[in-house]
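Peer 1: Handing over model_14.txt, compact mmCIF, C-alpha atoms.
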```txt
# COMPACT_ATOMS: atom_id res chain seq x y z
CA MET A 80 -35.52 -98.27 -38.80
CA SER A 81 -32.25 -96.35 -39.01
CA PRO A 82 -30.85 -94.39 -36.05
CA MET A 83 -31.46 -90.66 -35.90
CA PRO A 84 -28.71 -88.57 -37.50
CA PRO A 85 -26.62 -86.49 -35.10
CA PRO A 86 -27.94 -82.97 -34.48
CA ALA A 87 -26.59 -80.22 -36.71
CA PRO A 88 -23.91 -78.04 -35.14
CA PRO A 89 -25.21 -74.76 -33.72
CA MET A 90 -25.25 -71.79 -36.06
CA PRO A 91 -22.39 -69.37 -35.46
CA ALA A 92 -23.15 -66.06 -33.82
CA ILE A 93 -23.76 -63.10 -36.12
CA ALA A 94 -20.33 -61.66 -35.25
CA GLU A 95 -18.69 -64.82 -36.56
CA THR A 96 -20.61 -64.77 -39.84
CA ARG A 97 -20.44 -61.08 -40.57
CA GLY A 98 -17.14 -60.07 -39.09
CA PRO A 99 -16.91 -57.43 -36.38
CA THR A 100 -20.15 -55.75 -35.32
CA LEU A 101 -20.51 -52.30 -33.76
CA ILE A 102 -23.61 -51.70 -31.66
CA TYR A 103 -24.33 -48.00 -31.15
CA ASP A 104 -27.12 -45.58 -30.16
CA GLY A 105 -29.07 -44.95 -33.35
CA GLU A 106 -30.86 -41.97 -31.79
CA CYS A 107 -27.72 -40.06 -30.79
CA GLY A 108 -26.33 -37.37 -33.08
CA VAL A 109 -22.76 -37.79 -31.81
CA CYS A 110 -23.03 -41.55 -32.31
CA LEU A 111 -24.48 -41.16 -35.81
CA GLN A 112 -21.64 -38.83 -36.77
CA ALA A 113 -19.09 -41.32 -35.41
CA VAL A 114 -20.75 -44.14 -37.39
CA ALA A 115 -20.68 -41.98 -40.55
CA LEU A 116 -16.94 -41.42 -40.05
CA LEU A 117 -16.32 -45.14 -39.46
CA LYS A 118 -18.31 -46.00 -42.61
CA ARG A 119 -16.08 -43.65 -44.62
CA TRP A 120 -12.98 -45.36 -43.19
CA ASP A 121 -14.44 -48.83 -43.78
CA ARG A 122 -13.74 -48.99 -47.51
CA GLU A 123 -13.66 -52.80 -47.48
CA HIS A 124 -16.98 -53.01 -45.59
CA VAL A 125 -15.63 -55.28 -42.85
CA LEU A 126 -17.63 -53.71 -40.01
CA HIS A 127 -21.33 -54.38 -39.47
CA PHE A 128 -23.29 -51.56 -37.81
CA VAL A 129 -26.34 -52.19 -35.63
CA PRO A 130 -28.24 -49.57 -33.60
CA PHE A 131 -29.05 -50.92 -30.13
CA GLN A 132 -32.67 -49.97 -30.78
CA ASP A 133 -32.85 -52.96 -33.19
CA GLY A 134 -33.82 -55.41 -30.46
CA ALA A 135 -33.91 -58.49 -32.70
CA ALA A 136 -30.41 -57.85 -34.07
CA VAL A 137 -28.78 -57.13 -30.70
CA ALA A 138 -30.55 -59.91 -28.78
CA ARG A 139 -28.26 -62.57 -30.27
CA PHE A 140 -25.25 -60.95 -28.59
CA GLY A 141 -26.66 -61.30 -25.06
CA ILE A 142 -25.56 -57.84 -23.88
CA ALA A 143 -27.89 -56.12 -21.41
CA LEU A 144 -29.86 -53.19 -22.80
CA PRO A 145 -28.64 -50.72 -20.12
CA ALA A 146 -25.03 -51.50 -21.07
CA LEU A 147 -25.83 -50.98 -24.76
CA ALA A 148 -27.55 -47.68 -23.97
CA ALA A 149 -24.51 -46.50 -21.98
CA ALA A 150 -21.75 -47.14 -24.55
CA MET A 151 -20.96 -48.48 -27.99
CA HIS A 152 -19.99 -52.16 -28.10
CA LEU A 153 -17.68 -53.79 -30.61
CA ILE A 154 -18.09 -57.56 -30.91
CA VAL A 155 -15.23 -59.21 -32.79
CA PRO A 156 -15.52 -62.56 -34.61
CA ASP A 157 -13.88 -64.53 -31.78
CA GLY A 158 -16.63 -63.34 -29.42
CA ARG A 159 -14.68 -60.75 -27.45
CA VAL A 160 -16.61 -57.58 -26.60
CA PHE A 161 -15.08 -54.13 -26.26
CA ALA A 162 -17.21 -51.32 -24.82
CA GLY A 163 -16.83 -47.56 -24.91
CA ALA A 164 -13.29 -46.23 -25.22
CA ASP A 165 -11.90 -49.78 -25.09
CA ALA A 166 -13.45 -50.30 -28.54
CA ILE A 167 -11.54 -47.42 -30.12
CA PRO A 168 -8.12 -49.08 -30.57
CA GLU A 169 -9.86 -52.25 -31.80
CA LEU A 170 -11.85 -50.23 -34.33
CA LEU A 171 -8.70 -48.47 -35.53
CA ARG A 172 -7.06 -51.86 -36.17
CA LEU A 173 -9.80 -52.67 -38.68
CA PHE A 174 -8.91 -49.86 -41.07
CA PRO A 175 -5.59 -50.04 -42.95
CA GLY A 176 -5.00 -46.28 -42.96
CA LYS A 177 -5.75 -45.94 -39.25
CA ARG A 178 -3.97 -48.98 -37.76
CA TRP A 179 -0.94 -46.88 -36.85
CA LEU A 180 -3.10 -45.00 -34.30
CA SER A 181 -4.07 -48.11 -32.32
CA PRO A 182 -0.70 -48.59 -30.51
CA LEU A 183 -1.02 -45.09 -29.09
CA PHE A 184 -3.65 -46.49 -26.72
CA ARG A 185 -0.94 -48.68 -25.13
CA ILE A 186 0.97 -45.62 -23.94
CA PRO A 187 0.53 -45.45 -20.16
CA GLY A 188 -2.36 -43.18 -19.28
CA VAL A 189 -3.86 -42.86 -22.77
CA LEU A 190 -6.60 -45.49 -22.42
CA PRO A 191 -7.65 -44.34 -18.91
CA LEU A 192 -7.86 -40.77 -20.23
CA ALA A 193 -9.83 -41.96 -23.27
CA ARG A 194 -12.23 -43.77 -20.93
CA ARG A 195 -12.83 -40.61 -18.91
CA ILE A 196 -13.40 -38.52 -22.04
CA TYR A 197 -15.71 -41.17 -23.52
CA ALA A 198 -17.73 -41.36 -20.29
CA TRP A 199 -18.03 -37.55 -20.14
CA ILE A 200 -19.27 -37.40 -23.74
CA ALA A 201 -21.56 -40.44 -23.37
CA ILE A 202 -23.36 -38.93 -20.38
CA ARG A 203 -23.88 -35.61 -22.21
CA ARG A 204 -24.27 -36.92 -25.77
CA HIS A 205 -27.89 -35.86 -26.17
CA CYS A 206 -27.10 -32.32 -24.97
CA LEU A 207 -24.03 -31.94 -27.20
CA VAL A 208 -25.84 -32.46 -30.47
CA ARG A 209 -28.29 -29.59 -30.77
CA GLY A 210 -28.86 -29.04 -34.46
CA MET A 211 -27.34 -32.44 -35.43
CA GLY A 212 -29.14 -35.59 -36.55
CA GLY A 213 -30.55 -37.89 -33.91
CA ARG A 214 -32.40 -36.75 -30.78
```
Once more with this new file: its structure as structure tokens, please.
Peer 2:
Amino acid sequence: MSPMPPPAPPMPAIAETRGPTLIYDGECGVCLQAVALLKRWDREHVLHFVPFQDGAAVARFGIALPALAAAMHLIVPDGRVFAGADAIPELLRLFPGKRWLSPLFRIPGVLPLARRIYAWIAIRRHCLVRGMGGR
């Protein structure tokens, strides 16, 4: 009787196999418009989009549902997670024509201001979209 073969290595996380993944609110008009814009910028189709309402798809990332409901989350192939406004410069880096905008977030005060603006919009996002797609 031969010894058992060693176990297979674990499967890589979805972010590692599909590149960066953006988790967003699929029932939010503002979010859907932002995703539409990102899809237009993503000419090389490097970014994978998943609404947080797709429980099976988001479960493999291990991010709590309340956090996903509060802000978009960008998961990059190395496993790092960027939420809300912190995801914006990382998203800009993915698109050749927009990369030049990413360093602007390193200017003192820009990212904290972006976080405040993002939080303000995120809290009111369902009220801001009357007449748009989504809720």
Peer 1: Compare A:Ile196, A:Ser181, A:Pro168, A:Arg139 by their minimum atom-to-atom distance to Ile102 (chain A), counting all atoms listed in the file, and give me the closest one.
Peer 2: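 Closest to Ile102 (chain A), using all atoms listed in the file: A:Arg139.
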Peer 1: Can you tell me how far CA of Pro145 (chain A) sits from CA of Phe131 (chain A), in Å to one decimal?
Peer 2: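 CA of Phe131 (chain A) lies 10.0 Å from CA of Pro145 (chain A).
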Peer 1: Near Pro175 (chain A), counting only C-alpha atoms, which residues have an atom at most 9 Å away, once you skip same-chain residues fewer than 3 positions from it, shown as an MDAnalysis selection string?
Peer 2: chainID A and resid 120:121 171:172 178:179
Peer 1: Hey, can you check how far CA of Leu101 (chain A) sits from CA of Leu170 (chain A)?
Peer 2: 8.9 Å
Peer 1: For CA of Phe140 (chain A) and CA of Leu173 (chain A), quote the distance in Å rounded to one decimal.
Peer 2: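 Atom-to-atom, CA of Phe140 (chain A) to CA of Leu173 (chain A), that is 20.2 Å.
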Peer 1: Got a sec: who's within 9 Å of Val155 (chain A), counting only C-alpha atoms, leaving out chain neighbours fewer than 3 positions off, as an MDAnalysis selection string?
Peer 2: chainID A and resid 94:95 98:101 158:161 169
Peer 1: Could you tell me which of A:Leu126, A:Ala115, A:Val137, A:Val109 comes closest to Ala201 (chain A) if we count all atoms listed in the file?
Peer 2: A:Val109
Peer 1: Using only C-alpha atoms, pick whichever of A:Phe174, A:Asp133, A:Pro187, A:Tyr103 has the shortest atom-to-atom distance to Leu147 (chain A).
Peer 2: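 Among the listed residues, A:Tyr103 lies closest to Leu147 (chain A).
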Peer 1: Set the distance at 10 Å and use only C-alpha atoms: which residues neighbour Ala146 (chain A) once local chain neighbours fewer than 6 positions away are removed? I'd like the list as a ChimeraX atom specification.
Peer 2: /A:131,152,162-163
Peer 1: Which residue out of A:Arg203, A:Arg185, A:Arg119, A:His124 has the minimum interatomic distance to Asp165 (chain A) when all atoms listed in the file are used?
Peer 2: A:Arg185
Peer 1: Edge lengths and centre in Å to one decimal, as lines of an AutoDock Vina configuration file, of the axis-aligned box that encloses all listed atoms of region 188-201 of chain A with 6 Å added on every side?
Peer 2:
```
center_x = -12.0
center_y = -41.4
center_z = -21.3
size_x = 31.2
size_y = 20.1
size_z = 16.8
```
